[in-house]
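Asks: Can you read through this structure? Questions will come right after.
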There are 2 protein chains.
Amino acid sequence: MPPEIPPRSLEHPLPGGMRDLLPEEARGRRALAKCVLDRFALAGFALVTPPAFEFAEVLERGLGTLDPAEVLRFVEPESGEVAALRPDVTPQIARMIATRLHDRPPPYRLAYEGTVLRRRSGRARKHRQIPQVGVELAGVGGTEGDIDLLALAADALHATGLRAFTIDLGNAGIVRALLDGVEADVARDVSHALAQKDEGALRERAEDLRVPFASTLCELVRMHGGRDAAAEGCRLLASTPAAAPAARLLELFDAAVARGLGDHVRADLGDVRGFAYYTGTIVHLYAPGPGEAIGAGGRYDELLARFGAPMPAMGFAFDLDSLAWALRAAGVTAEREIRVVVVGGEADARVQRLRARSVTAVGARDRATALAWARAWGFSHVIDGATLIDVETGGVSDDAVGFVEGTARPR
Amino acid sequence: MPPEIPPRSLEHPLPGGMRDLLPEEARGRRALAKCVLDRFALAGFALVTPPAFEFAEVLERGLGTLDPAEVLRFVEPESGEVAALRPDVTPQIARMIATRLHDRPPPYRLAYEGTVLRRRSGRARKHRQIPQVGVELAGVGGTEGDIDLLALAADALHATGLRAFTIDLGNAGIVRALLDGVEADVARDVSHALAQKDEGALRERAEDLRVPFASTLCELVRMHGGRDAAAEGCRLLASTPAAAPAARLLELFDAAVARGLGDHVRADLGDVRGFAYYTGTIVHLYAPGPGEAIGAGGRYDELLARFGAPMPAMGFAFDLDSLAWALRAAGVTAEREIRVVVVGGEADARVQRLRARSVTAVGARDRATALAWARAWGFSHVIDGATLIDVETGGVSDDAVGFVEGTARPR
């Protein structure tokens, strides 16, 4: 017999990288985004919302030529120009600052929420829609701007309830300085090996190709850890063109400790990951659980000039999927919310009374229906006449009246 | 002299229909969406988030064949199938109910927030990105389901602060029954004239083409108003195939009045506007200000069958741009929020203290900078030493210390 083919109506696949958020996930993501955006707002970062598409030309000013295989692009019918689903929000914010916000004084403290579409690295290399919440701070350079953003990232993570996380600090200037003048192809291969922390491949590539600072580059792979690693890196690089960015990394490390982030910061002198527009500090945020960063960012002091508004800037974004994963792994769960199914109609006075007290309530026609519906949709209680049923425990009491009026607390 | 052409870097146009939300607008829209979604949640409507794209095949199941000129579509690289930016969220929710939520018991009470992309009607006919917040109630048919959703729409509008609004009720079955058996082209022309409430054109079209019930159709244009209009429509249609849907419209009108919506409901027996999938009740929400509806919806009892999960359903969505316009027109403004610029660094103890009290605060290096920044970015107060300055009025006091500690209230 041929294998059973599910009827078409039960499939309805989604375009690559797209997915549905069902109630539990949509609710959780919204609450998490709100928690983070509220902390950003408290620090004066104003929400802006760029569109999900941009003309490729704008994105390419930030990201370099977009690889057609990497980015979802299409011809915009009205202009005939190529538009792309953004793989990154930062170039859009840079465009906004340079155009529509340019008459306001710096610093620009801007926040955003949105999804970006990227290809996953690794074998599958499928598109993946990544929900992000991020900030950009433009007009403040150097360690001062860096440290404000690191403190903000830590503050937002604390607000979500996450306690154990790492702030990995790198500096894009270190490897860039060491590879200055090296052929582009070779530089890319060496950077790739560094990103993979693959010392064997790195040694092979660097020495084969007679890269000037080959042994220094190889040692960078191990320059990862606490202040000792940062200080050792500074000594190692003192007599190389990377002396200045290494010293800035150590300075930032010390400033982060002074700002109370000592439990979280780590230095990674060989860090090269991130967008091509990064010029200085690179940040990766990690927590146990997801195999990838829960957030990342960096300083991009040259990007805004490409939009005609030269000024230093830095930003970071959380990946809300990874952050939610880290929170689950850390056992941080949302408080159980009281949500009630009342046996009776939607217009039932008790339904209306509960909603007036800001308690979610719906009606159902009988107790069995009410219980089944409550279980499937995550409601906590059922009220049937004077009876109050705790859906999770099955516990029954006769407190329904007091519960509706808010005088009896649910047990 | 030729006109000055702005340098390319100051333009950066956006793809058709896309636009940026600057801080004030982004903030307002977010608050408005939250206000409405919170009311939906209280009524048990669970947030779900379908993706911004769907395969055209899914959308077409709901909307009929998509006119390539109406919808932004592109070939999805991984599957080679045509994907489209949704012009409507309802078919996506129908897909979710029929597939990923089908193991949960009805009724399905679902809410969503998202943008749809449509062509504007009229001469310009450009794409327009419409931010929506909506609900779908599937598994509850007839007047019972209709009235629950009308009450919910009114409740959400009240929560936003809007007092004067109209709920226009129609029934897609009326005109459909009168045009049953009429050639598709003619039916479309007649519907178009009805939608425009153009009695002249309607009379010409209907009589020229010898549509049965021509004079009845012409009279429908004027069947718009309070209960009298609904009752008169019922009498007019009593001996036509539209008797049953007209009676249902009157029944819904009376049920809406009984549910306390008497100040808002109006009947419009000739209403034909809305999606092709509407089968019964059609709703349009209006308020002074925007020239178009602030919300719309209808009953679509046949759509879910096309996804393999036959059940009655109804939904509506607010257009957040139009709703925001109506609120401005009604003089409903957000309360002035206290947001403070402190002369001092970001790490200043007063900045930290204010944030700890959930007051937005940032640092600035001197009074002039602080005042200019506060004005441009909508901050309400500046603190310089013991001096507290109200940015809007220019009023100065020496309450800064008490203000930071929350013991003195801003004047």
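Identifiers in the structure tokens: chain A, B, ... in order shown; residue index from 1 per chain; ligand index from 1 in order shown.
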Near Val75 in chain A, within 12 Å and counting only C-alpha atoms, which residues show up once chain neighbours fewer than 4 positions away are dropped, as a list in words?

Replies: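 Final neighbour list, sorted by chain and number: Phe53, Glu54, Phe55, Ala56, Ser79, Gly80, Glu81, Val82, Ala83, Ala84 and Leu85 of chain A; Pro15, Gly16, Leu72, Arg73, Phe74 and Val75 of chain B.
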
Asks: Okay, now the selection with N, CA and C atoms, as an mmCIF file, in the first residue's frame?

Replies:
```
data_model
loop_
_atom_site.group_PDB
_atom_site.id
_atom_site.type_symbol
_atom_site.label_atom_id
_atom_site.label_comp_id
_atom_site.auth_asym_id
_atom_site.auth_seq_id
_atom_site.Cartn_x
_atom_site.Cartn_y
_atom_site.Cartn_z
ATOM 1 N N PHE A 53 10.536 45.910 5.576
ATOM 2 C CA PHE A 53 11.318 45.905 4.337
ATOM 3 C C PHE A 53 12.076 47.178 4.177
ATOM 4 N N GLU A 54 13.175 47.087 3.501
ATOM 5 C CA GLU A 54 13.912 48.279 3.075
ATOM 6 C C GLU A 54 14.373 48.032 1.650
ATOM 7 N N PHE A 55 14.647 49.107 0.933
ATOM 8 C CA PHE A 55 15.347 48.929 -0.325
ATOM 9 C C PHE A 55 16.716 48.349 -0.001
ATOM 10 N N ALA A 56 17.131 47.386 -0.798
ATOM 11 C CA ALA A 56 18.395 46.688 -0.542
ATOM 12 C C ALA A 56 19.540 47.684 -0.429
ATOM 13 N N SER A 79 8.307 50.859 -7.631
ATOM 14 C CA SER A 79 9.545 51.541 -8.020
ATOM 15 C C SER A 79 10.394 50.707 -8.961
ATOM 16 N N GLY A 80 10.162 49.380 -8.996
ATOM 17 C CA GLY A 80 11.035 48.508 -9.765
ATOM 18 C C GLY A 80 12.381 48.277 -9.087
ATOM 19 N N GLU A 81 12.537 48.809 -7.863
ATOM 20 C CA GLU A 81 13.808 48.609 -7.156
ATOM 21 C C GLU A 81 13.746 47.362 -6.280
ATOM 22 N N VAL A 82 14.927 46.866 -5.907
ATOM 23 C CA VAL A 82 14.975 45.652 -5.101
ATOM 24 C C VAL A 82 14.778 45.991 -3.623
ATOM 25 N N ALA A 83 13.795 45.354 -3.018
ATOM 26 C CA ALA A 83 13.569 45.497 -1.580
ATOM 27 C C ALA A 83 13.955 44.185 -0.917
ATOM 28 N N ALA A 84 14.305 44.245 0.363
ATOM 29 C CA ALA A 84 14.699 43.035 1.069
ATOM 30 C C ALA A 84 14.081 43.024 2.450
ATOM 31 N N LEU A 85 13.777 41.817 2.913
ATOM 32 C CA LEU A 85 13.347 41.643 4.287
ATOM 33 C C LEU A 85 14.597 41.815 5.129
ATOM 34 N N PRO B 15 10.192 51.417 0.548
ATOM 35 C CA PRO B 15 9.356 50.684 -0.401
ATOM 36 C C PRO B 15 7.890 51.091 -0.250
ATOM 37 N N GLY B 16 7.125 50.952 -1.332
ATOM 38 C CA GLY B 16 5.739 51.408 -1.388
ATOM 39 C C GLY B 16 4.908 50.985 -0.183
ATOM 40 N N LEU B 72 1.290 42.256 -2.638
ATOM 41 C CA LEU B 72 2.726 42.187 -2.822
ATOM 42 C C LEU B 72 3.142 40.725 -2.725
ATOM 43 N N ARG B 73 3.631 40.157 -3.837
ATOM 44 C CA ARG B 73 3.954 38.738 -3.841
ATOM 45 C C ARG B 73 5.357 38.511 -4.371
ATOM 46 N N PHE B 74 5.950 37.394 -3.998
ATOM 47 C CA PHE B 74 7.275 37.055 -4.516
ATOM 48 C C PHE B 74 7.438 35.541 -4.428
ATOM 49 N N VAL B 75 8.387 35.034 -5.182
ATOM 50 C CA VAL B 75 8.625 33.602 -5.156
ATOM 51 C C VAL B 75 9.525 33.284 -3.975
#
```

Asks: Would you list the contacts of Thr160 in chain A as a list in words, taking every protein, DNA or RNA residue within 9 Å and counting only C-alpha atoms, but skipping same-chain residues closer than 4 positions in sequence?

Replies: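 Residues meeting the cut-off are Leu32, Cys35, Val36, Asp155, Ala156, Leu327 and Val332 of chain A.
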
Asks: Once you have the residues from the selection above, write them out as a PDB file, in the first residue's frame, restricted to all heavy atoms.

Replies:
```
ATOM      1  N   LEU A  32       7.672  39.197  27.548  1.00  0.00           N
ATOM      2  CA  LEU A  32       9.129  39.348  27.626  1.00  0.00           C
ATOM      3  C   LEU A  32       9.567  40.630  26.907  1.00  0.00           C
ATOM      4  O   LEU A  32      10.372  41.404  27.437  1.00  0.00           O
ATOM      5  CB  LEU A  32       9.799  38.117  27.009  1.00  0.00           C
ATOM      6  CG  LEU A  32      11.319  38.020  27.115  1.00  0.00           C
ATOM      7  CD1 LEU A  32      11.792  38.136  28.555  1.00  0.00           C
ATOM      8  CD2 LEU A  32      11.806  36.698  26.499  1.00  0.00           C
ATOM      9  N   CYS A  35       8.675  43.590  29.060  1.00  0.00           N
ATOM     10  CA  CYS A  35       9.568  43.715  30.213  1.00  0.00           C
ATOM     11  C   CYS A  35      10.858  44.418  29.800  1.00  0.00           C
ATOM     12  O   CYS A  35      11.311  45.358  30.455  1.00  0.00           O
ATOM     13  CB  CYS A  35       9.843  42.314  30.768  1.00  0.00           C
ATOM     14  SG  CYS A  35      11.121  42.280  32.035  1.00  0.00           S
ATOM     15  N   VAL A  36      11.457  43.983  28.698  1.00  0.00           N
ATOM     16  CA  VAL A  36      12.725  44.562  28.238  1.00  0.00           C
ATOM     17  C   VAL A  36      12.514  45.997  27.743  1.00  0.00           C
ATOM     18  O   VAL A  36      13.260  46.907  28.118  1.00  0.00           O
ATOM     19  CB  VAL A  36      13.339  43.666  27.136  1.00  0.00           C
ATOM     20  CG1 VAL A  36      14.538  44.357  26.498  1.00  0.00           C
ATOM     21  CG2 VAL A  36      13.742  42.316  27.721  1.00  0.00           C
ATOM     22  N   ASP A 155      20.786  45.411  33.165  1.00  0.00           N
ATOM     23  CA  ASP A 155      19.570  45.837  33.858  1.00  0.00           C
ATOM     24  C   ASP A 155      18.338  45.142  33.267  1.00  0.00           C
ATOM     25  O   ASP A 155      17.475  44.649  33.992  1.00  0.00           O
ATOM     26  CB  ASP A 155      19.431  47.360  33.734  1.00  0.00           C
ATOM     27  CG  ASP A 155      18.121  47.863  34.306  1.00  0.00           C
ATOM     28  OD1 ASP A 155      17.981  47.851  35.544  1.00  0.00           O
ATOM     29  OD2 ASP A 155      17.232  48.243  33.529  1.00  0.00           O
ATOM     30  N   ALA A 156      18.265  45.098  31.934  1.00  0.00           N
ATOM     31  CA  ALA A 156      17.113  44.467  31.273  1.00  0.00           C
ATOM     32  C   ALA A 156      17.079  42.973  31.582  1.00  0.00           C
ATOM     33  O   ALA A 156      16.015  42.407  31.846  1.00  0.00           O
ATOM     34  CB  ALA A 156      17.166  44.715  29.770  1.00  0.00           C
ATOM     35  N   LEU A 327      15.585  31.643  30.012  1.00  0.00           N
ATOM     36  CA  LEU A 327      14.726  31.826  31.191  1.00  0.00           C
ATOM     37  C   LEU A 327      14.091  30.503  31.601  1.00  0.00           C
ATOM     38  O   LEU A 327      14.006  30.192  32.791  1.00  0.00           O
ATOM     39  CB  LEU A 327      13.660  32.891  30.906  1.00  0.00           C
ATOM     40  CG  LEU A 327      14.195  34.327  30.858  1.00  0.00           C
ATOM     41  CD1 LEU A 327      13.173  35.267  30.218  1.00  0.00           C
ATOM     42  CD2 LEU A 327      14.559  34.822  32.265  1.00  0.00           C
ATOM     43  N   VAL A 332      12.937  30.262  35.474  1.00  0.00           N
ATOM     44  CA  VAL A 332      12.152  31.482  35.677  1.00  0.00           C
ATOM     45  C   VAL A 332      10.821  31.311  34.948  1.00  0.00           C
ATOM     46  O   VAL A 332      10.788  31.191  33.728  1.00  0.00           O
ATOM     47  CB  VAL A 332      12.883  32.724  35.113  1.00  0.00           C
ATOM     48  CG1 VAL A 332      12.029  33.977  35.301  1.00  0.00           C
ATOM     49  CG2 VAL A 332      14.239  32.889  35.764  1.00  0.00           C
TER      50      VAL A 332
END
```

Asks: From the DSSP assignment of the backbone, select every residue of range 278-372 of chain A that is strand (DSSP E), and format the answer as a list in words.

Replies: Thr281, Ile282, Val283, His284, Leu285, Tyr286, Gly295, Ala296, Gly297, Gly298, Arg299, Ala313, Met314, Gly315, Phe316, Ala317, Phe318, Asp319, Arg339, Val340, Val341, Val342, Val343, Thr360, Ala361, Val362, Gly363 and Ala364 of chain A

Asks: Could you tell me which of B:Leu249, B:Val283, B:Val401, B:Ala356 comes closest to chain A if we count only C-alpha atoms?

Replies: B:Ala356

Asks: So that I can see what lies close to Asp384 in chain A, please list as a list in words the residues with an atom at most 7 Å from it, counting only C-alpha atoms and leaving out residues fewer than 3 positions away in the same chain.

Replies: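 Near Asp384 in chain A, the qualifying residues are Val342, Val343, Arg367, Thr387 and Leu388 of chain A.
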
Asks: Any chance you can output those residues with all heavy atoms as a PDB file, in the first residue's frame?

Replies:
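Generated file (selection_21.pdb):
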```
ATOM      1  N   VAL A 342     -16.755  30.554  33.667  1.00  0.00           N
ATOM      2  CA  VAL A 342     -17.981  30.554  34.461  1.00  0.00           C
ATOM      3  C   VAL A 342     -19.034  29.723  33.716  1.00  0.00           C
ATOM      4  O   VAL A 342     -19.243  29.944  32.518  1.00  0.00           O
ATOM      5  CB  VAL A 342     -18.508  31.997  34.647  1.00  0.00           C
ATOM      6  CG1 VAL A 342     -19.852  31.993  35.377  1.00  0.00           C
ATOM      7  CG2 VAL A 342     -17.487  32.850  35.402  1.00  0.00           C
ATOM      8  N   VAL A 343     -19.659  28.780  34.418  1.00  0.00           N
ATOM      9  CA  VAL A 343     -20.760  28.047  33.793  1.00  0.00           C
ATOM     10  C   VAL A 343     -21.948  29.009  33.729  1.00  0.00           C
ATOM     11  O   VAL A 343     -22.519  29.365  34.766  1.00  0.00           O
ATOM     12  CB  VAL A 343     -21.099  26.746  34.554  1.00  0.00           C
ATOM     13  CG1 VAL A 343     -22.294  26.040  33.909  1.00  0.00           C
ATOM     14  CG2 VAL A 343     -19.881  25.827  34.579  1.00  0.00           C
ATOM     15  N   ARG A 367     -20.585  22.241  33.160  1.00  0.00           N
ATOM     16  CA  ARG A 367     -19.331  22.068  33.893  1.00  0.00           C
ATOM     17  C   ARG A 367     -18.298  21.269  33.092  1.00  0.00           C
ATOM     18  O   ARG A 367     -17.114  21.621  33.081  1.00  0.00           O
ATOM     19  CB  ARG A 367     -19.587  21.377  35.237  1.00  0.00           C
ATOM     20  CG  ARG A 367     -18.312  21.371  36.087  1.00  0.00           C
ATOM     21  CD  ARG A 367     -18.450  20.607  37.392  1.00  0.00           C
ATOM     22  NE  ARG A 367     -19.331  21.278  38.340  1.00  0.00           N
ATOM     23  CZ  ARG A 367     -19.328  21.024  39.664  1.00  0.00           C
ATOM     24  NH1 ARG A 367     -18.461  20.135  40.173  1.00  0.00           N
ATOM     25  NH2 ARG A 367     -20.161  21.642  40.458  1.00  0.00           N
ATOM     26  N   THR A 387     -19.834  26.726  43.410  1.00  0.00           N
ATOM     27  CA  THR A 387     -18.625  25.892  43.447  1.00  0.00           C
ATOM     28  C   THR A 387     -17.488  26.507  42.656  1.00  0.00           C
ATOM     29  O   THR A 387     -17.661  26.919  41.508  1.00  0.00           O
ATOM     30  CB  THR A 387     -18.945  24.490  42.865  1.00  0.00           C
ATOM     31  OG1 THR A 387     -20.081  23.965  43.554  1.00  0.00           O
ATOM     32  CG2 THR A 387     -17.757  23.554  43.025  1.00  0.00           C
ATOM     33  N   LEU A 388     -16.317  26.530  43.286  1.00  0.00           N
ATOM     34  CA  LEU A 388     -15.099  27.024  42.649  1.00  0.00           C
ATOM     35  C   LEU A 388     -14.146  25.842  42.477  1.00  0.00           C
ATOM     36  O   LEU A 388     -13.834  25.152  43.457  1.00  0.00           O
ATOM     37  CB  LEU A 388     -14.463  28.090  43.543  1.00  0.00           C
ATOM     38  CG  LEU A 388     -13.114  28.646  43.107  1.00  0.00           C
ATOM     39  CD1 LEU A 388     -13.254  29.450  41.816  1.00  0.00           C
ATOM     40  CD2 LEU A 388     -12.520  29.510  44.216  1.00  0.00           C
TER      41      LEU A 388
END
```

Asks: Rank A:Val382, A:Ala242, A:Leu110, A:Ala230 by their smallest atom-to-atom distance to Asp180 in chain A, using only C-alpha atoms, and report the top residue only.

Replies: A:Ala242

Asks: Check which residues of range 66-128 of chain B sit at most 8 Å from range 284-306 of chain B using only C-alpha atoms, and return one row each with the closest pair of atoms and their distance in Å to one decimal, ordered by chain and rising number, as a tab-separated table.

Replies:
```
residue	atom	partner	partner_atom	distance
B:Pro91	CA	B:Leu303	CA	7.9
B:Ala94	CA	B:Leu304	CA	5.8
B:Arg95	CA	B:Leu304	CA	7.8
B:Ala98	CA	B:Leu304	CA	7.1
```

Asks: Excluding same-chain residues fewer than 6 positions from range 390-397 of chain A, what lies within 9 Å of it counting only C-alpha atoms, as a PyMOL selection string?

Replies: chain A and resi 371+374-375+378-382+410-411

Asks: Mind dumping the selected residues with N, CA, C and O atoms as a short mmCIF file (atom, residue, chain, number, x, y, z; two decimals), in the first residue's frame?

Replies:
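The resulting file, part10.cif, is shown below:
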```cif
data_model
loop_
_atom_site.label_atom_id
_atom_site.label_comp_id
_atom_site.auth_asym_id
_atom_site.auth_seq_id
_atom_site.Cartn_x
_atom_site.Cartn_y
_atom_site.Cartn_z
N LEU A 371 -14.66 22.72 32.12
CA LEU A 371 -13.40 22.12 32.57
C LEU A 371 -12.50 21.76 31.40
O LEU A 371 -11.29 22.02 31.42
N ALA A 374 -11.14 25.00 29.90
CA ALA A 374 -10.17 25.62 30.80
C ALA A 374 -8.82 24.90 30.70
O ALA A 374 -7.76 25.53 30.62
N ARG A 375 -8.86 23.56 30.69
CA ARG A 375 -7.61 22.80 30.62
C ARG A 375 -6.87 23.05 29.31
O ARG A 375 -5.67 23.26 29.30
N GLY A 378 -5.56 26.84 29.12
CA GLY A 378 -4.74 27.39 30.20
C GLY A 378 -5.47 28.31 31.16
O GLY A 378 -4.89 29.25 31.69
N PHE A 379 -6.75 28.06 31.39
CA PHE A 379 -7.49 28.83 32.40
C PHE A 379 -7.34 28.13 33.75
O PHE A 379 -7.25 26.92 33.83
N SER A 380 -7.34 28.93 34.83
CA SER A 380 -6.98 28.38 36.13
C SER A 380 -8.16 27.86 36.95
O SER A 380 -8.00 26.96 37.76
N HIS A 381 -9.35 28.47 36.78
CA HIS A 381 -10.49 28.13 37.63
C HIS A 381 -11.78 27.99 36.83
O HIS A 381 -11.94 28.63 35.79
N VAL A 382 -12.69 27.15 37.38
CA VAL A 382 -14.05 27.06 36.84
C VAL A 382 -15.02 27.38 37.98
O VAL A 382 -14.82 26.93 39.11
N PRO A 410 -8.28 32.74 45.90
CA PRO A 410 -8.26 31.35 45.43
C PRO A 410 -7.21 30.55 46.19
O PRO A 410 -6.15 31.09 46.51
N ARG A 411 -7.55 29.32 46.53
CA ARG A 411 -6.60 28.48 47.25
C ARG A 411 -5.82 27.61 46.27
O ARG A 411 -6.32 27.30 45.20
#
```

Asks: Pick out the residues sitting within 9 Å of range 218-222 of chain B, and hand them over as a PyMOL selection string; count only C-alpha atoms, and ignore anything fewer than 5 positions along from it in its own chain.

Replies: chain B and resi 175+194-195+197-200+202-203+206+213+229+233+236+268-271

Asks: Mind checking which residues fall within 9 Å of Glu405 in chain B, counting only C-alpha atoms, ignoring those fewer than 4 positions away in the same chain, and posting them as a PyMOL selection string?

Replies: chain B and resi 350+353-354+357+400-401

Asks: Quick one: of B:Pro245, B:Gly161, B:Gly181, B:Gly17, who's nearest to chain A, counting only C-alpha atoms?

Replies: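 Smallest separation from chain A among the options: B:Gly17.
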